[in-house]
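Just target-v8.cif here, mmCIF, C-alpha atoms:
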data_entry
#
loop_
_atom_site.label_atom_id
_atom_site.label_comp_id
_atom_site.auth_asym_id
_atom_site.auth_seq_id
_atom_site.Cartn_x
_atom_site.Cartn_y
_atom_site.Cartn_z
CA MET A 1 38.81 28.62 1.21
CA VAL A 2 39.32 29.59 4.85
CA ALA A 3 36.06 29.47 6.80
CA ARG A 4 34.86 31.90 9.44
CA ALA A 5 33.84 30.97 12.96
CA SER A 6 32.46 32.96 15.84
CA LEU A 7 33.47 32.85 19.48
CA ASP A 8 29.80 32.65 20.40
CA GLY A 9 28.91 30.22 17.60
CA PRO A 10 28.24 26.47 17.84
CA PRO A 11 31.26 24.21 18.50
CA ALA A 12 30.56 22.23 15.31
CA GLU A 13 31.16 25.40 13.28
CA LEU A 14 34.69 25.71 14.62
CA ILE A 15 35.52 22.03 14.16
CA ALA A 16 34.21 22.12 10.57
CA ALA A 17 36.42 25.12 9.82
CA PHE A 18 39.47 23.41 11.32
CA ARG A 19 38.72 20.14 9.54
CA THR A 20 38.60 21.96 6.21
CA MET A 21 41.90 23.80 6.44
CA GLY A 22 43.34 23.87 9.94
CA PHE A 23 42.85 27.66 9.79
CA ALA A 24 39.81 29.83 10.48
CA TYR A 25 38.90 33.49 10.83
CA LEU A 26 37.46 34.34 14.25
CA ASP A 27 34.61 36.86 14.52
CA ASN A 28 32.89 38.28 17.61
CA HIS A 29 35.96 37.80 19.79
CA GLY A 30 35.24 40.76 22.06
CA VAL A 31 38.78 42.22 21.97
CA SER A 32 38.40 45.98 21.79
CA VAL A 33 39.56 47.90 18.73
CA ASP A 34 41.16 50.48 21.03
CA LEU A 35 43.36 47.83 22.65
CA GLN A 36 44.40 46.53 19.24
CA LYS A 37 45.30 50.06 18.11
CA ASN A 38 47.31 50.64 21.27
CA LEU A 39 49.21 47.43 20.60
CA GLU A 40 49.99 48.56 17.06
CA ARG A 41 51.16 51.93 18.35
CA VAL A 42 53.56 50.64 21.02
CA ALA A 43 54.91 48.03 18.59
CA GLY A 44 55.49 50.64 15.90
CA ASP A 45 57.22 52.95 18.39
CA PHE A 46 59.62 50.23 19.48
CA PHE A 47 60.50 48.83 16.06
CA ALA A 48 61.10 52.33 14.67
CA ARG A 49 63.98 52.74 17.12
CA PRO A 50 67.62 52.32 16.03
CA LEU A 51 69.01 48.80 16.16
CA ASP A 52 71.47 49.60 18.94
CA TYR A 53 68.55 50.62 21.17
CA LYS A 54 66.54 47.48 20.38
CA LEU A 55 69.55 45.28 21.10
CA LYS A 56 69.52 46.49 24.71
CA PHE A 57 66.59 44.07 25.07
CA ALA A 58 68.21 41.20 23.16
CA MET A 59 66.99 37.66 23.82
CA LYS A 60 70.48 36.52 24.76
CA ASN A 61 70.27 38.72 27.86
CA SER A 62 67.29 36.66 29.09
CA GLY A 63 69.02 33.33 28.57
CA ARG A 64 66.75 30.31 28.57
CA ALA A 65 63.74 32.45 29.51
CA TRP A 66 63.33 33.01 25.74
CA ARG A 67 62.24 36.65 26.01
CA GLY A 68 63.23 39.83 24.26
CA PHE A 69 64.30 41.20 20.89
CA PHE A 70 66.05 39.55 17.95
CA PRO A 71 67.19 41.33 14.75
CA VAL A 72 66.41 40.41 11.14
CA GLY A 73 67.98 37.01 10.46
CA GLY A 74 68.16 36.14 14.16
CA GLU A 75 65.56 33.36 13.98
CA LEU A 76 65.85 30.22 11.86
CA THR A 77 63.24 28.12 10.07
CA SER A 78 64.53 24.82 8.67
CA GLY A 79 68.04 26.05 9.42
CA LYS A 80 67.74 29.23 7.32
CA PRO A 81 67.45 32.80 8.65
CA ASP A 82 64.01 34.40 8.49
CA GLN A 83 63.62 37.89 7.06
CA LYS A 84 61.97 39.39 10.14
CA GLU A 85 62.79 40.92 13.48
CA GLY A 86 60.78 40.33 16.59
CA PHE A 87 60.15 40.64 20.30
CA TYR A 88 59.22 37.57 22.37
CA PHE A 89 57.02 37.85 25.45
CA GLY A 90 55.63 35.43 27.99
CA VAL A 91 53.90 35.52 31.35
CA ASP A 92 56.09 37.28 33.93
CA HIS A 93 57.18 34.65 36.46
CA LEU A 94 58.50 35.47 39.91
CA PRO A 95 61.86 33.96 40.95
CA THR A 96 59.91 31.85 43.44
CA HIS A 97 57.84 30.15 40.73
CA ARG A 98 57.87 26.36 41.07
CA LEU A 99 59.50 26.02 37.62
CA ALA A 100 61.91 28.96 37.94
CA GLY A 101 65.09 28.22 36.00
CA GLN A 102 63.36 25.96 33.49
CA PRO A 103 63.40 27.02 29.82
CA THR A 104 60.86 29.76 28.92
CA PHE A 105 60.28 30.69 32.57
CA GLY A 106 61.35 34.16 33.68
CA GLN A 107 60.50 37.81 33.21
CA ASN A 108 60.14 40.04 30.19
CA PRO A 109 62.73 42.79 29.52
CA TRP A 110 60.16 45.59 29.17
CA PRO A 111 61.38 48.62 27.17
CA ASN A 112 58.92 50.94 28.97
CA PRO A 113 55.90 50.84 31.31
CA GLU A 114 53.40 51.56 28.53
CA MET A 115 54.47 48.56 26.47
CA ARG A 116 54.24 46.43 29.59
CA ALA A 117 50.71 47.62 30.33
CA VAL A 118 49.43 47.21 26.76
CA VAL A 119 51.05 43.84 26.05
CA THR A 120 49.95 42.43 29.41
CA GLU A 121 46.36 43.54 28.82
CA TYR A 122 46.42 42.09 25.30
CA MET A 123 47.82 38.76 26.50
CA ASN A 124 45.10 38.58 29.16
CA GLU A 125 42.48 39.10 26.47
CA MET A 126 44.07 36.44 24.28
CA LYS A 127 44.03 33.99 27.18
CA ARG A 128 40.34 34.68 27.70
CA VAL A 129 39.61 33.98 24.03
CA ALA A 130 41.87 30.92 23.93
CA THR A 131 40.31 29.42 27.05
CA GLN A 132 36.84 29.73 25.52
CA LEU A 133 38.06 28.21 22.27
CA MET A 134 39.74 25.34 24.10
CA SER A 135 36.41 24.35 25.68
CA LYS A 136 34.59 24.82 22.39
CA ILE A 137 37.06 22.56 20.55
CA ALA A 138 36.64 19.84 23.18
CA GLU A 139 32.87 20.05 22.98
CA GLY A 140 32.94 20.01 19.18
CA LEU A 141 34.98 16.80 19.29
CA GLY A 142 32.39 15.17 21.54
CA LEU A 143 34.56 15.40 24.67
CA GLU A 144 33.76 16.96 28.02
CA ARG A 145 34.24 20.73 27.89
CA GLU A 146 37.11 20.62 30.39
CA TYR A 147 39.01 17.81 28.68
CA PHE A 148 41.91 19.94 27.44
CA ALA A 149 41.89 22.18 30.51
CA LYS A 150 42.64 19.11 32.60
CA ALA A 151 45.25 17.87 30.14
CA PHE A 152 47.00 21.26 30.18
CA THR A 153 47.47 21.12 33.97
CA ALA A 154 46.69 24.23 36.03
CA GLU A 155 49.01 26.56 34.12
CA PRO A 156 49.01 26.66 30.31
CA THR A 157 52.11 27.89 28.51
CA GLU A 158 51.59 31.27 26.85
CA PHE A 159 53.85 32.86 24.26
CA PHE A 160 53.25 36.18 22.50
CA ARG A 161 55.28 37.67 19.68
CA ILE A 162 55.47 40.95 17.80
CA PHE A 163 57.09 40.45 14.41
CA GLY A 164 58.27 43.14 12.02
CA TYR A 165 58.92 42.13 8.41
CA PRO A 166 61.06 44.69 6.57
CA LYS A 167 60.06 45.98 3.17
CA HIS A 168 61.10 43.25 0.74
CA ASP A 169 64.11 43.83 -1.48
CA SER A 170 63.32 42.03 -4.74
CA THR A 171 66.96 40.95 -5.03
CA GLY A 172 67.04 39.25 -1.63
CA ASP A 173 65.44 36.41 0.30
CA GLU A 174 61.66 36.83 0.09
CA TRP A 175 60.67 34.66 3.04
CA GLY A 176 59.77 36.35 6.28
CA VAL A 177 59.07 32.86 7.61
CA ARG A 178 59.52 29.68 5.61
CA GLU A 179 57.16 26.73 5.66
CA HIS A 180 56.49 25.49 9.18
CA THR A 181 53.78 24.39 11.59
CA ASP A 182 53.24 25.90 15.03
CA MET A 183 54.37 23.63 17.84
CA GLY A 184 51.62 24.20 20.39
CA PHE A 185 47.88 23.81 20.80
CA LEU A 186 46.31 26.91 19.24
CA THR A 187 47.57 30.13 17.64
CA ILE A 188 45.56 33.36 17.59
CA LEU A 189 47.02 35.79 15.07
CA LYS A 190 46.41 39.49 14.60
CA GLN A 191 47.87 40.64 11.29
CA ASP A 192 48.08 44.10 9.77
CA GLU A 193 46.69 45.03 6.35
CA SER A 194 49.78 44.00 4.36
CA GLY A 195 48.83 40.41 3.55
CA GLY A 196 51.46 37.79 2.81
CA LEU A 197 50.31 34.87 5.00
CA GLU A 198 49.77 31.61 3.11
CA ALA A 199 48.68 28.13 4.25
CA LYS A 200 48.94 24.78 2.50
CA ASP A 201 45.60 23.05 1.95
CA VAL A 202 44.99 19.29 2.04
CA ASN A 203 45.87 19.07 -1.66
CA GLY A 204 49.25 20.69 -1.16
CA LYS A 205 48.21 24.02 -2.71
CA TRP A 206 49.29 27.29 -1.10
CA VAL A 207 46.27 29.45 -0.24
CA PRO A 208 46.51 33.15 0.74
CA ILE A 209 44.95 34.15 4.06
CA PRO A 210 44.40 37.89 3.64
CA PRO A 211 43.50 40.12 6.61
CA LEU A 212 39.80 40.68 7.27
CA PRO A 213 38.64 43.67 9.37
CA ASN A 214 38.51 43.01 13.13
CA THR A 215 39.05 39.28 12.86
CA PHE A 216 41.80 37.07 14.18
CA VAL A 217 43.28 34.13 12.30
CA LEU A 218 43.19 30.84 14.21
CA ASN A 219 45.36 27.88 13.39
CA ILE A 220 45.99 24.49 14.90
CA GLY A 221 49.38 23.62 16.34
CA ASP A 222 51.23 20.30 16.49
CA MET A 223 49.93 19.49 19.97
CA LEU A 224 46.29 19.60 18.89
CA GLU A 225 47.07 17.35 15.93
CA PHE A 226 48.97 15.02 18.25
CA TRP A 227 46.23 14.91 20.88
CA THR A 228 43.52 14.20 18.31
CA GLY A 229 45.58 11.54 16.54
CA GLY A 230 45.40 13.48 13.26
CA VAL A 231 41.66 14.22 13.35
CA LEU A 232 42.67 17.88 13.38
CA ARG A 233 45.71 18.89 11.35
CA SER A 234 48.46 21.40 12.05
CA THR A 235 48.56 23.15 8.69
CA PRO A 236 51.90 24.25 7.19
CA HIS A 237 52.09 27.99 6.57
CA ARG A 238 54.59 30.64 5.52
CA VAL A 239 54.92 34.43 5.26
CA ARG A 240 56.40 36.93 2.87
CA ASN A 241 55.97 40.69 2.93
CA PRO A 242 54.32 41.93 -0.28
CA ALA A 243 53.83 45.46 1.05
CA LYS A 244 55.86 48.56 0.24
CA ALA A 245 56.42 49.16 3.94
CA GLU A 246 57.21 47.11 7.05
CA ARG A 247 54.67 44.41 7.84
CA PHE A 248 53.62 43.63 11.42
CA SER A 249 52.00 40.55 12.90
CA TYR A 250 51.04 39.63 16.44
CA PRO A 251 50.74 35.88 17.10
CA TYR A 252 49.66 34.54 20.49
CA PHE A 253 50.34 30.88 21.26
CA PHE A 254 48.23 28.99 23.80
CA ASP A 255 49.93 25.73 24.69
CA PRO A 256 49.92 22.90 27.23
CA GLY A 257 51.53 23.24 30.64
CA TRP A 258 55.29 22.78 30.57
CA THR A 259 55.17 19.46 32.42
CA ALA A 260 52.05 18.14 30.66
CA SER A 261 52.48 14.56 29.51
CA LEU A 262 52.05 13.93 25.79
CA LYS A 263 49.28 11.38 25.77
CA PRO A 264 46.83 11.33 22.84
CA ILE A 265 43.07 11.07 23.19
CA ALA A 266 41.84 7.47 23.10
CA PRO A 267 40.90 6.80 19.44
CA GLU A 268 37.49 5.38 20.35
CA LYS A 269 36.49 8.80 21.70
CA LEU A 270 37.00 10.32 18.24
CA LYS A 271 35.83 7.44 16.08
CA GLN A 272 33.13 9.61 14.45
CA PHE A 273 35.91 11.69 12.81
CA PRO A 274 38.17 10.26 10.10
CA LYS A 275 41.77 11.42 10.21
CA ALA A 276 42.62 14.48 8.15
CA ASN A 277 44.47 13.59 4.97
CA ARG A 278 47.94 14.93 4.26
CA VAL A 279 49.22 14.62 0.70
CA ASP A 280 52.86 15.21 1.55
CA LYS A 281 55.17 14.45 4.43
CA ARG A 282 55.79 16.99 7.17
CA TRP A 283 58.08 19.89 6.46
CA ASP A 284 60.47 18.75 9.23
CA ASP A 285 60.16 14.95 8.68
CA LEU A 286 58.96 14.58 12.28
CA ASP A 287 56.78 11.59 13.13
CA LEU A 288 54.50 13.66 15.31
CA HIS A 289 52.40 10.74 16.50
CA ALA A 290 55.41 8.85 17.82
CA LEU A 291 56.10 11.48 20.49
CA ARG A 292 56.24 10.24 24.07
CA SER A 293 57.59 12.92 26.39
CA THR A 294 56.40 16.12 28.07
CA TYR A 295 55.36 19.24 26.25
CA GLY A 296 58.36 21.10 27.69
CA GLU A 297 60.82 18.55 26.30
CA PHE A 298 59.16 18.78 22.89
CA VAL A 299 59.33 22.60 22.88
CA TRP A 300 62.90 22.85 24.09
CA ASN A 301 64.01 20.53 21.31
CA LYS A 302 62.29 22.91 18.86
CA ILE A 303 63.80 26.04 20.43
CA SER A 304 67.29 24.63 20.15
CA LYS A 305 66.85 24.53 16.38
CA VAL A 306 65.14 27.93 16.00
CA PHE A 307 67.58 29.77 18.28
CA PRO A 308 70.73 27.61 18.52
CA ASP A 309 72.52 30.19 20.69
CA LEU A 310 69.95 29.76 23.46
CA ALA A 311 70.53 26.02 23.59
#
Re-express the file's structure as structure tokens.
Amino acid sequence: MVARASLDGPPAELIAAFRTMGFAYLDNHGVSVDLQKNLERVAGDFFARPLDYKLKFAMKNSGRAWRGFFPVGGELTSGKPDQKEGFYFGVDHLPTHRLAGQPTFGQNPWPNPEMRAVVTEYMNEMKRVATQLMSKIAEGLGLEREYFAKAFTAEPTEFFRIFGYPKHDSTGDEWGVREHTDMGFLTILKQDESGGLEAKDVNGKWVPIPPLPNTFVLNIGDMLEFWTGGVLRSTPHRVRNPAKAERFSYPYFFDPGWTASLKPIAPEKLKQFPKANRVDKRWDDLDLHALRSTYGEFVWNKISKVFPDLA
């Protein structure tokens, strides 16, 4: 059972929801319905275009900036092509940015001014929500409210995706995305009414996470599990499209700064929380708690497996 939490609710409510499943529905987020509808409209307009038009904005044209469109089968999970197409966005960085030239830093290949305006406004709203949640998570763990803000450095890493899952052909590969965990701190997902998202509970059972009106789905990423030493768990999840039409989803990823050092919270600060149990080994066999690098190094290693051509 996936619990619900509110952006204006007590921090303990959010931690309890995450401790149960690693996923939660978020109510009272304050993101306008009109903005969400505008996002759906500009996404639908773009993905309805012919493939040759969409390929004008292909990710390969952005190089290591990791921005733009990829066609169905263009992204891998566990080495196998996913049955989805998508458009990757990030914060637009000027060429004079201090990390210009580093992976994921650059500018978005905007198809039109309206998409730029809508996506930028939506990402700003997601950052507002994520920043509030980050403080709430810290407080719920008994830490100072700014603990993670300081750990992130001054500039968190933000990724936003629009994914389109084609109508499933019963004779083909059913997986829009195979089992995986998200690599960052926190994911805020807007999904359409199609359904198809599933998460693995602590007993190894796959649980559906159906859409609920005007809520977002929150889930923990690998970095939050790493930082908390396993007190909070990055839950494996997967997606297939059960609908008789294309399915859309809109995940926003709020992650540490690119140069943030991977240093876990001192265990004595979290001693009131037992570690979350995991009945099976990780989907990728990674020993997450042995990491000793920067967040950027961790992410680039992941990207090189998801999009080998960009590496």
Explicit residue set for the PyMOL selection byres ((chain A and resi 87) around 8), as a PDB file with C-alpha atoms, in the frame of the given file:
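Just written: part_7.pdb:
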ATOM      1  CA  ARG A  67      62.240  36.650  26.010  1.00  0.00           C
ATOM      2  CA  GLY A  68      63.230  39.830  24.260  1.00  0.00           C
ATOM      3  CA  PHE A  69      64.300  41.200  20.890  1.00  0.00           C
ATOM      4  CA  PHE A  70      66.050  39.550  17.950  1.00  0.00           C
ATOM      5  CA  GLU A  85      62.790  40.920  13.480  1.00  0.00           C
ATOM      6  CA  GLY A  86      60.780  40.330  16.590  1.00  0.00           C
ATOM      7  CA  TYR A  88      59.220  37.570  22.370  1.00  0.00           C
ATOM      8  CA  PHE A  89      57.020  37.850  25.450  1.00  0.00           C
ATOM      9  CA  ARG A 161      55.280  37.670  19.680  1.00  0.00           C
ATOM     10  CA  ILE A 162      55.470  40.950  17.800  1.00  0.00           C
ATOM     11  CA  PHE A 163      57.090  40.450  14.410  1.00  0.00           C
TER      12      PHE A 163
END
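Those residues that approach Asn124 in chain A to within 12 Å, counting all atoms listed in the file, are Val31, Leu35, Gly90, Val91, Ala117, Val118, Val119, Thr120, Glu121, Tyr122, Met126, Lys127, Arg128, Val129, Ala130, Thr131, Glu158, Phe159, Phe160, Tyr252 and Phe254 of chain A; same-chain residues fewer than 2 positions away are not listed.
Interatomic distance, CA of Phe47 in chain A against CA of Asp192 in chain A: 14.7 Å.
Taking only C-alpha atoms into account, Arg19 in chain A lies nearest to A:Asp201 out of the set A:Asp201, A:Glu268, A:Asp222, A:Glu297.
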*Taking the file as shown, what set of residues would the PyMOL selection byres ((chain A and resi 56) around 12) give back, as a ChimeraX atom specification?*
/A:46,49-55,57-62,68-71,87,109-111
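Relative to CA of Arg240 in chain A, CA of Asp284 in chain A is found at 19.7 Å.
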*Pick out the closest residue to Met123 in chain A from this set: A:Trp258, A:Phe273, A:Tyr165, A:Phe253. Count only C-alpha atoms.*
A:Phe253
*Write out as a list in words each polymer residue whose atoms come within 8 Å of Val207 in chain A, counting only C-alpha atoms; drop sequence neighbours fewer than 3 positions from it.*
Met1, Glu198, Ala199, Lys200 and Asp201 of chain A
*asked:* Please determine, counting only C-alpha atoms, which residue among A:Gly79, A:Gly44, A:Gly176, A:Gly101 has the shortest atom-to-atom distance to Asn241 in chain A.
replied: A:Gly176
*asked:* the PyMOL selection byres ((chain A and resi 262) around 10) - which residues does that actually catch in the file I just gave you? List them as a list in words.
replied: Ala151, Phe152, Met223, Phe226, Trp227, Pro256, Thr259, Ala260, Ser261, Lys263, Pro264, Ile265, His289, Leu291, Arg292, Ser293, Thr294, Tyr295, Gly296, Glu297 and Phe298 of chain A
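Put simply, CA of Ser78 in chain A is 25.9 Å away from CA of Val2 in chain A.
Taking only C-alpha atoms into account, Thr181 in chain A lies nearest to A:Asp285 out of the set A:Asp92, A:Asp285, A:Asp8, A:Glu155.
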Can you sort out the box for range 296-300 of chain A, edges along x, y and z, all listed atoms in, 4 Å on every side, with centre and edge lengths in Å to one decimal, as AutoDock Vina command-line options?
--center_x 60.6 --center_y 20.7 --center_z 25.3 --size_x 12.5 --size_y 12.3 --size_z 12.8
Enumerate, in order of chain and increasing residue number, the residues of range 128-232 of chain A with an atom no farther than 8 Å from range 12-15 of chain A, each with its shortest atom pair and distance in Å to one decimal, counting all atoms listed in the file, as a tab-separated table.
residue	atom	partner	partner_atom	distance
A:Lys136	CA	A:Leu14	CA	7.8
A:Ile137	CA	A:Ile15	CA	6.6
A:Gly140	CA	A:Ala12	CA	5.1
A:Leu141	CA	A:Ile15	CA	7.3
